[in-house]
Amino acid sequence: MNRKEKSEEIHKNNISYNESKKNIAFKDQNLPTLSRRDFLKLSGTGLFVFFLVGGRCEPLVSLQGQTRQREYPEDFNAYLLIGEDGRIRCFSGKVEMGQGIKTSLAQILAEELDVTLDMVEMILGDTALCPYDMGTFGSRTIKYFGPALRQAAAEARAALIELASTELGVPIDQLAIENGFVYDVKRPSHRVSYGQLTKGKRIERYLRSKPQPKPIETHKIAGQPLPRLDAMEKVTGQALFAGDISLPNMVYARILRPPTHGAKLKSLNFDELKNIPEIEIVQDGDLIAVLHHTFDGASAALKRIKAEFDVPSNELNDENIHNHLIKMAPPGNIIDQKGNLEEGEKIASQIIEATYCNPYVAHSPIETHTALVSIEKDEVKVWASTQRPFGVQSEVAQALGVPASKVHVFPVYVGGGFGGKNSNRQAVEAARLAQKAGKPVMVIWTREEEFFFDTFMPAAVVKIRSGLDPKNRLTFWDYTVFWAGERSSQIFYDIPHYRVLSRGSWSGQQSAHPFNVGPWRAPGSNTNVFARESHFDILASRSRIDPLEFRLNHLSNERMRRVLLRLADEFGWKPSPAPSGRGYGLSCADYLGTYVALMVEIDVDAQTGVIKVKRMVCVQDMGEVINPEGAKEQIEGCLMMGLGYALTEEIHFKGGKILDLNFDRYEIPRFSWLPEIKAIVLDNKEVPAQGGGEPAIINVGAAVANALFDKTGIRLNRLPLNRKGVLQALKEKK
Amino acid sequence: MKQKISFYLNGQPLILETEPDRPLLWVLRNDLKITSPKFGCGEGYCGACTVLVDGEPLRSCQTEIVRVNGRRIITLEGLRKGDQLHPLQQAFLKHEAFQCGFCTNGMILEALALLQKKSKPSRAEIIEALEDHLCRCGAHQRIIQAIEEASKMMKGGSNESKREIGRNT
Ligand code: FES
Ligand code: FES
């Protein structure tokens, strides 16, 4: 196994490790009980192809570490159905959160089965219609789904041709498909439609062997920019998000919240609510809420509850958090290593050390967590803004003490997730209140609740020790990341001696964080890439070598070289050691198999300390590209969102109290920040489609920090690169 | 104290009896089931709840219902005429000027108000008009391109697309 394979192998293991840990963290224990037979019974007649997205379903590990029996189908989590209407439907528990997955997946189907796009339907995230799925985590959807779907479609095609062979009395190799028909190539008018072939029959295929999908060169639909299927509803205001659903008799709940995390209720007084008509007070243990048939009515009533809390003392704040995290870190795991650090240190002529850190960062989707729950005779109906419909299903079932098969989560559009909607507290709250109140309850978190309960990107620290030899080549790399996780910390540069250590993760039980933390778009990578690529720039500038050249000197990885060289070309990068005064910055990274690099040009206002990013050029090699327009859109979105964590976003807190609770204090990117953005997607047909929803964000922090250094000679090792930090550094420099 | 309040909603006259200080956003969403104005922050910071009142973009979460008495409200639902999409909607479609689509309501209506005042705004003017509309998905570049395109379409377009929404319905 060569080094690259080895690192990919490690990579893979880490992913699966994370996945299983995540299951523990999410307490996915009350599993659906839909049996395989029940499930298939639901689905009627037609041609079915069952398949699995994302490799074997891992056994779930319960909190005690025992493997639980799964009662729902284990060997598939998605299926295709071709019914007698000839339409092609795909059912999957994934959800559409604005990544455009519905469209890109439909494209694959239309391509493989040679039908027009309007003959294809993607049914996503409905727990009653779709087989179990763990959830939609960022960019993995296309990466795993695309290839599996393509194979399932190829299987369906093979089955249709077999059926047609009997039906038409023509040998299989003389048959072809076109536009929803199977026809005899010698006599094209001799044909039969998909609908006729499947009518009244029930054919089941399981994707085990690998049929040959259509060769990529013949693709007409996949790989072409096409408008998104969800688009029309979104521009006309018809798209239904969870909060847009309404049911007869439903009420809105506002819930009494503590002022800080960890505060305990001391006293409670509802006197002021007595004379307000139409208000209902519901108390279920620690869950106290007022209900009203309008959201504003419930909100007004909530203000009149008199509640006192005991607030425990808490010494932690946004200034001392990083020392605390280092102190609390467990010994950790070695993620990647080679050679011997001592050897590397011996041959070094200079040692360069630095520490990097980032604060807590909020997801802040514009849609807050929302859920409507209606408990009916035979079924609990749920509409929720979630990335994990099946997670909602099991959590609601558990809260209500009903079997998961009785909980039906309906699909709705989700107004942005970015990892924050893996956690479904609001749905459990709505369910508990609905049970108590005996009517449907809608919970819509306010922006303050959204910030309070967010599972932030973890604050984290990275320490790097490294050495250069007299020829300005890296001799060793000793890297430790605290509490962010290891993603994108693996080494793709040529370094003879290195060790990458990860101490404490964002997932799992043990946490030193004072709040909930969780996956934030590209979890761990924003921390790791900021540190590594900032450090590479420091090394380059110590060597008096252009930052791009310095990287290329340490890079034999052909895919990354190709990305960087193309980027330099598109950007118009002229070599110069930094600081050059131009304000150019560079960063490159590997994100779960996607190679991505970014160059930026910035300006700094010396009066205000504000960094203005003027230009961003990003090149991404994500393997075969399914929907180039969608991929570009994702990259642009990543870059724009990335400016937030790079420049302003930080959760301030003190004594357990979160101080940033709305967009007045918590600044996310705005129109005036918009740089000139150029996104280039390299179509690399030799590598299967990789995810595109996350990678491009991970370079933004380092690229801007490096550009700041190039412009001013100031090196900031702490994100965000806000006005205050820049001004202070400018002052100190003088 | 409840009060009778009347206004035009997407051209339809309407009377309702409610407390005068209620936020327009929740009267629209809860009482009238008009769900295109979205709740994003409740404090006037994000713009997701925008509606047009006599052609002016207002944040409905910050607007007491009594303030729209006798006025004309347009929401995103009111933009298209039958099957005919408004040029802004067409341009948003063409440029895929959204991802999750939660901010789209505010973006389109604010842009509409801008284009009605100034048919050919500069890029700087578009940015200024949209500065207090937040989009977390980062669709900013496409939103601007869509508005620029709509501006072109509306200038040379049919009477249909030139119709002044909200003023003369
Ligand atoms: S909800 Fe009204 S401005 Fe945000
Ligand atoms: S498209 Fe999601 S917030 Fe703008």
# chains A, B, ... in the order shown; residues from 1 in each chain; ligands from 1

call {"tool": "interface_residues", "arguments": {"of": "chain B", "to": "chain A", "cutoff": "6 Å", "atoms": "only C-alpha atoms", "output": "number ranges by chain"}}
result
B: 30, 35-36, 40-41, 76-77, 89, 99-102, 127, 131, 136-139

call {"tool": "write_last_selection", "arguments": {"atoms": "N, CA and C atoms", "output": "mmCIF file, in the first residue's frame"}}
result
data_model
loop_
_atom_site.group_PDB
_atom_site.id
_atom_site.type_symbol
_atom_site.label_atom_id
_atom_site.label_comp_id
_atom_site.auth_asym_id
_atom_site.auth_seq_id
_atom_site.Cartn_x
_atom_site.Cartn_y
_atom_site.Cartn_z
ATOM 1 N N ASN B 30 -50.868 33.332 10.313
ATOM 2 C CA ASN B 30 -51.750 32.503 11.139
ATOM 3 C C ASN B 30 -53.220 32.697 10.799
ATOM 4 N N THR B 35 -48.382 32.327 3.503
ATOM 5 C CA THR B 35 -47.152 31.852 4.141
ATOM 6 C C THR B 35 -45.865 32.250 3.413
ATOM 7 N N SER B 36 -45.976 33.062 2.358
ATOM 8 C CA SER B 36 -44.713 33.442 1.708
ATOM 9 C C SER B 36 -43.860 34.372 2.572
ATOM 10 N N GLY B 40 -37.861 35.000 10.240
ATOM 11 C CA GLY B 40 -36.442 34.664 10.313
ATOM 12 C C GLY B 40 -35.795 35.151 11.593
ATOM 13 N N CYS B 41 -36.219 36.323 12.087
ATOM 14 C CA CYS B 41 -35.564 36.865 13.278
ATOM 15 C C CYS B 41 -36.542 37.557 14.208
ATOM 16 N N LEU B 76 -45.656 37.744 -2.026
ATOM 17 C CA LEU B 76 -45.077 37.003 -3.155
ATOM 18 C C LEU B 76 -46.152 36.218 -3.920
ATOM 19 N N GLU B 77 -47.161 35.748 -3.211
ATOM 20 C CA GLU B 77 -48.253 35.010 -3.870
ATOM 21 C C GLU B 77 -48.945 35.873 -4.928
ATOM 22 N N GLN B 89 -39.510 36.900 -10.982
ATOM 23 C CA GLN B 89 -39.591 35.458 -10.691
ATOM 24 C C GLN B 89 -38.897 34.670 -11.798
ATOM 25 N N GLN B 99 -30.818 28.982 -2.734
ATOM 26 C CA GLN B 99 -30.594 27.563 -2.476
ATOM 27 C C GLN B 99 -31.775 27.041 -1.675
ATOM 28 N N CYS B 100 -31.786 27.323 -0.371
ATOM 29 C CA CYS B 100 -32.904 26.794 0.416
ATOM 30 C C CYS B 100 -34.200 27.536 0.113
ATOM 31 N N GLY B 101 -34.096 28.772 -0.354
ATOM 32 C CA GLY B 101 -35.289 29.515 -0.740
ATOM 33 C C GLY B 101 -36.002 30.227 0.397
ATOM 34 N N PHE B 102 -35.424 30.230 1.571
ATOM 35 C CA PHE B 102 -36.133 30.827 2.702
ATOM 36 C C PHE B 102 -36.068 32.355 2.659
ATOM 37 N N ILE B 127 -27.182 46.507 -4.324
ATOM 38 C CA ILE B 127 -26.562 46.050 -3.072
ATOM 39 C C ILE B 127 -27.072 46.866 -1.897
ATOM 40 N N GLU B 131 -29.017 45.287 1.303
ATOM 41 C CA GLU B 131 -27.998 45.121 2.347
ATOM 42 C C GLU B 131 -28.556 44.506 3.638
ATOM 43 N N ARG B 136 -28.324 33.066 4.223
ATOM 44 C CA ARG B 136 -27.283 32.250 4.828
ATOM 45 C C ARG B 136 -26.679 31.276 3.822
ATOM 46 N N CYS B 137 -27.422 30.982 2.769
ATOM 47 C CA CYS B 137 -26.907 30.009 1.804
ATOM 48 C C CYS B 137 -25.877 30.617 0.858
ATOM 49 N N GLY B 138 -25.723 31.930 0.907
ATOM 50 C CA GLY B 138 -24.717 32.553 0.054
ATOM 51 C C GLY B 138 -25.127 32.670 -1.401
ATOM 52 N N ALA B 139 -26.407 32.931 -1.646
ATOM 53 C CA ALA B 139 -26.868 33.064 -3.035
ATOM 54 C C ALA B 139 -26.710 34.502 -3.558
#

call {"tool": "closest_atom_pairs", "arguments": {"of": "chain B", "to": "ligand 2", "cutoff": "12 Å", "atoms": "only C-alpha atoms and all ligand atoms", "output": "tab-separated table"}}
result
residue	atom	partner	partner_atom_place_in_ligand_line	distance
B:Lys38	CA	ligand 2	3 (S)	10.9
B:Phe39	CA	ligand 2	3 (S)	11.8
B:Gly40	CA	ligand 2	3 (S)	9.5
B:Cys46	CA	ligand 2	3 (S)	9.7
B:Gly47	CA	ligand 2	3 (S)	10.5
B:Ala48	CA	ligand 2	3 (S)	8.7
B:Phe92	CA	ligand 2	1 (S)	11.1
B:Glu96	CA	ligand 2	1 (S)	9.5
B:Ala97	CA	ligand 2	1 (S)	7.4
B:Phe98	CA	ligand 2	1 (S)	4.0
B:Gln99	CA	ligand 2	1 (S)	4.0
B:Cys100	CA	ligand 2	2 (Fe)	3.9
B:Gly101	CA	ligand 2	1 (S)	4.2
B:Phe102	CA	ligand 2	3 (S)	5.1
B:Cys103	CA	ligand 2	4 (Fe)	4.4
B:Thr104	CA	ligand 2	4 (Fe)	6.1
B:Asn105	CA	ligand 2	4 (Fe)	9.4
B:Gly106	CA	ligand 2	4 (Fe)	9.4
B:Met107	CA	ligand 2	4 (Fe)	8.5
B:Ile108	CA	ligand 2	4 (Fe)	11.2
B:Leu130	CA	ligand 2	4 (Fe)	12.0
B:His133	CA	ligand 2	4 (Fe)	9.0
B:Leu134	CA	ligand 2	3 (S)	6.8
B:Cys135	CA	ligand 2	4 (Fe)	3.7
B:Arg136	CA	ligand 2	3 (S)	4.3
B:Cys137	CA	ligand 2	2 (Fe)	4.3
B:Gly138	CA	ligand 2	4 (Fe)	6.4
B:Ala139	CA	ligand 2	1 (S)	5.8
B:His140	CA	ligand 2	4 (Fe)	7.8
B:Gln141	CA	ligand 2	4 (Fe)	11.0
B:Arg142	CA	ligand 2	1 (S)	10.1
B:Ile143	CA	ligand 2	4 (Fe)	9.1

call {"tool": "select_by_dssp", "arguments": {"residues": "chain B", "states": "strand (DSSP E)", "output": "ChimeraX atom specification"}}
result
/B:3-9,12-18,50-53,56-59,72-74

call {"tool": "write_last_selection", "arguments": {"atoms": "C-alpha atoms", "output": "PDB file, in the first residue's frame"}}
result
ATOM      1  CA  GLN B   3     -60.734  46.560  16.054  1.00  0.00           C
ATOM      2  CA  LYS B   4     -62.025  46.296  12.479  1.00  0.00           C
ATOM      3  CA  ILE B   5     -59.208  46.619  10.011  1.00  0.00           C
ATOM      4  CA  SER B   6     -59.585  46.540   6.256  1.00  0.00           C
ATOM      5  CA  PHE B   7     -57.034  46.380   3.492  1.00  0.00           C
ATOM      6  CA  TYR B   8     -56.421  44.939   0.059  1.00  0.00           C
ATOM      7  CA  LEU B   9     -54.451  41.727  -0.012  1.00  0.00           C
ATOM      8  CA  GLN B  12     -58.700  41.435  -2.837  1.00  0.00           C
ATOM      9  CA  PRO B  13     -60.524  43.652  -0.347  1.00  0.00           C
ATOM     10  CA  LEU B  14     -60.559  42.196   3.126  1.00  0.00           C
ATOM     11  CA  ILE B  15     -61.934  43.073   6.545  1.00  0.00           C
ATOM     12  CA  LEU B  16     -60.868  41.472   9.750  1.00  0.00           C
ATOM     13  CA  GLU B  17     -61.363  42.059  13.407  1.00  0.00           C
ATOM     14  CA  THR B  18     -58.296  41.761  15.565  1.00  0.00           C
ATOM     15  CA  THR B  50     -40.973  41.517   3.793  1.00  0.00           C
ATOM     16  CA  VAL B  51     -44.262  42.498   2.121  1.00  0.00           C
ATOM     17  CA  LEU B  52     -45.145  45.491  -0.029  1.00  0.00           C
ATOM     18  CA  VAL B  53     -47.520  48.040   1.452  1.00  0.00           C
ATOM     19  CA  GLU B  56     -43.135  50.139  -0.117  1.00  0.00           C
ATOM     20  CA  PRO B  57     -41.219  47.164   1.262  1.00  0.00           C
ATOM     21  CA  LEU B  58     -42.023  46.733   4.945  1.00  0.00           C
ATOM     22  CA  ARG B  59     -40.839  44.180   7.471  1.00  0.00           C
ATOM     23  CA  ARG B  72     -52.709  47.713  -0.378  1.00  0.00           C
ATOM     24  CA  ILE B  73     -50.587  44.745   0.557  1.00  0.00           C
ATOM     25  CA  ILE B  74     -48.764  42.616  -1.958  1.00  0.00           C
TER      26      ILE B  74
END

call {"tool": "residues_around", "arguments": {"residues": "Ala707 (chain A)", "least_positions_apart": "5", "cutoff": "12 Å", "atoms": "only C-alpha atoms", "output": "ChimeraX atom specification"}}
result
/A:533-534,537-538,547,577-587,598-604,611-616,646,700-702,712-716,721

call {"tool": "residues_around", "arguments": {"residues": "Val563 (chain A)", "least_positions_apart": "4", "cutoff": "7 Å", "atoms": "only C-alpha atoms", "output": "ChimeraX atom specification"}}
result
/A:559,567,596-597,619-621

call {"tool": "residues_around", "arguments": {"residues": "Leu302 (chain A)", "least_positions_apart": "6", "cutoff": "9 Å", "atoms": "only C-alpha atoms", "output": "MDAnalysis selection string"}}
result
chainID A and resid 254:256 273 289:290

call {"tool": "residues_around", "arguments": {"residues": "Glu162 (chain A)", "least_positions_apart": "2", "cutoff": "10 Å", "atoms": "only C-alpha atoms", "output": "PyMOL selection string"}}
result
chain A and resi 156-160+164-167+170-173+175+182+197

call {"tool": "write_last_selection", "arguments": {"atoms": "all heavy atoms", "output": "short mmCIF file (atom, residue, chain, number, x, y, z; two decimals), in the first residue's frame"}}
result
data_model
loop_
_atom_site.label_atom_id
_atom_site.label_comp_id
_atom_site.auth_asym_id
_atom_site.auth_seq_id
_atom_site.Cartn_x
_atom_site.Cartn_y
_atom_site.Cartn_z
N ALA A 156 -32.49 -1.55 -13.27
CA ALA A 156 -33.87 -1.43 -13.74
C ALA A 156 -33.92 -1.56 -15.26
O ALA A 156 -34.79 -2.23 -15.82
CB ALA A 156 -34.46 -0.09 -13.30
N ARG A 157 -32.95 -0.95 -15.91
CA ARG A 157 -32.90 -1.02 -17.37
C ARG A 157 -32.73 -2.47 -17.82
O ARG A 157 -33.43 -2.95 -18.72
CB ARG A 157 -31.75 -0.16 -17.87
CG ARG A 157 -31.64 -0.03 -19.36
CD ARG A 157 -30.85 1.22 -19.73
NE ARG A 157 -29.71 1.40 -18.85
CZ ARG A 157 -28.47 1.03 -19.16
NH1 ARG A 157 -28.20 0.49 -20.31
NH2 ARG A 157 -27.48 1.24 -18.31
N ALA A 158 -31.82 -3.17 -17.16
CA ALA A 158 -31.59 -4.58 -17.52
C ALA A 158 -32.88 -5.39 -17.32
O ALA A 158 -33.24 -6.23 -18.16
CB ALA A 158 -30.46 -5.15 -16.68
N ALA A 159 -33.58 -5.12 -16.22
CA ALA A 159 -34.81 -5.86 -15.95
C ALA A 159 -35.87 -5.55 -17.00
O ALA A 159 -36.58 -6.44 -17.48
CB ALA A 159 -35.32 -5.50 -14.55
N LEU A 160 -35.97 -4.29 -17.38
CA LEU A 160 -36.96 -3.90 -18.40
C LEU A 160 -36.67 -4.61 -19.72
O LEU A 160 -37.57 -5.08 -20.41
CB LEU A 160 -36.95 -2.38 -18.60
CG LEU A 160 -37.54 -1.56 -17.45
CD1 LEU A 160 -37.21 -0.07 -17.61
CD2 LEU A 160 -39.06 -1.74 -17.36
N ALA A 164 -39.01 -7.16 -21.74
CA ALA A 164 -39.38 -6.85 -23.12
C ALA A 164 -39.01 -7.99 -24.05
O ALA A 164 -39.70 -8.26 -25.04
CB ALA A 164 -38.71 -5.55 -23.54
N SER A 165 -37.91 -8.66 -23.71
CA SER A 165 -37.47 -9.77 -24.54
C SER A 165 -38.55 -10.85 -24.61
O SER A 165 -38.89 -11.36 -25.69
CB SER A 165 -36.16 -10.31 -23.98
OG SER A 165 -35.86 -11.54 -24.56
N THR A 166 -39.14 -11.15 -23.44
CA THR A 166 -40.24 -12.12 -23.42
C THR A 166 -41.45 -11.56 -24.14
O THR A 166 -42.08 -12.23 -24.97
CB THR A 166 -40.64 -12.41 -21.95
OG1 THR A 166 -39.45 -12.52 -21.19
CG2 THR A 166 -41.49 -13.64 -21.84
N GLU A 167 -41.76 -10.33 -23.84
CA GLU A 167 -42.96 -9.68 -24.37
C GLU A 167 -42.90 -9.57 -25.90
O GLU A 167 -43.87 -9.87 -26.59
CB GLU A 167 -43.06 -8.28 -23.74
CG GLU A 167 -44.27 -7.47 -24.13
CD GLU A 167 -45.50 -7.77 -23.26
OE1 GLU A 167 -45.31 -8.36 -22.18
OE2 GLU A 167 -46.60 -7.41 -23.69
N VAL A 170 -37.94 -11.06 -28.73
CA VAL A 170 -36.72 -10.61 -29.39
C VAL A 170 -35.57 -10.86 -28.42
O VAL A 170 -35.72 -10.62 -27.22
CB VAL A 170 -36.83 -9.10 -29.70
CG1 VAL A 170 -35.50 -8.55 -30.25
CG2 VAL A 170 -37.98 -8.82 -30.67
N PRO A 171 -34.43 -11.37 -28.89
CA PRO A 171 -33.31 -11.60 -27.96
C PRO A 171 -32.84 -10.30 -27.30
O PRO A 171 -32.91 -9.22 -27.91
CB PRO A 171 -32.20 -12.21 -28.83
CG PRO A 171 -32.65 -12.03 -30.24
CD PRO A 171 -34.12 -11.80 -30.26
N ILE A 172 -32.32 -10.45 -26.08
CA ILE A 172 -31.94 -9.29 -25.28
C ILE A 172 -30.96 -8.37 -25.98
O ILE A 172 -31.10 -7.16 -25.96
CB ILE A 172 -31.35 -9.80 -23.93
CG1 ILE A 172 -32.50 -10.28 -23.05
CG2 ILE A 172 -30.55 -8.72 -23.23
CD1 ILE A 172 -32.07 -10.83 -21.73
N ASP A 173 -29.96 -8.97 -26.63
CA ASP A 173 -28.93 -8.10 -27.21
C ASP A 173 -29.40 -7.36 -28.46
O ASP A 173 -28.69 -6.58 -29.05
CB ASP A 173 -27.63 -8.89 -27.48
CG ASP A 173 -27.93 -10.14 -28.27
OD1 ASP A 173 -29.07 -10.24 -28.80
OD2 ASP A 173 -27.04 -11.02 -28.37
N LEU A 175 -32.16 -5.56 -28.19
CA LEU A 175 -33.10 -4.57 -27.66
C LEU A 175 -32.35 -3.34 -27.13
O LEU A 175 -31.22 -3.45 -26.66
CB LEU A 175 -33.93 -5.17 -26.52
CG LEU A 175 -34.96 -6.22 -26.95
CD1 LEU A 175 -35.54 -6.92 -25.74
CD2 LEU A 175 -36.09 -5.57 -27.78
N VAL A 182 -38.84 0.21 -24.66
CA VAL A 182 -37.81 -0.74 -25.08
C VAL A 182 -38.17 -1.12 -26.52
O VAL A 182 -39.34 -1.39 -26.82
CB VAL A 182 -37.83 -2.02 -24.21
CG1 VAL A 182 -36.65 -2.92 -24.59
CG2 VAL A 182 -37.75 -1.66 -22.72
N LEU A 197 -44.83 -2.84 -19.59
CA LEU A 197 -44.03 -3.97 -19.11
C LEU A 197 -44.25 -4.28 -17.64
O LEU A 197 -44.18 -5.43 -17.21
CB LEU A 197 -42.53 -3.69 -19.34
CG LEU A 197 -42.06 -3.80 -20.77
CD1 LEU A 197 -40.63 -3.28 -20.90
CD2 LEU A 197 -42.12 -5.25 -21.25
#
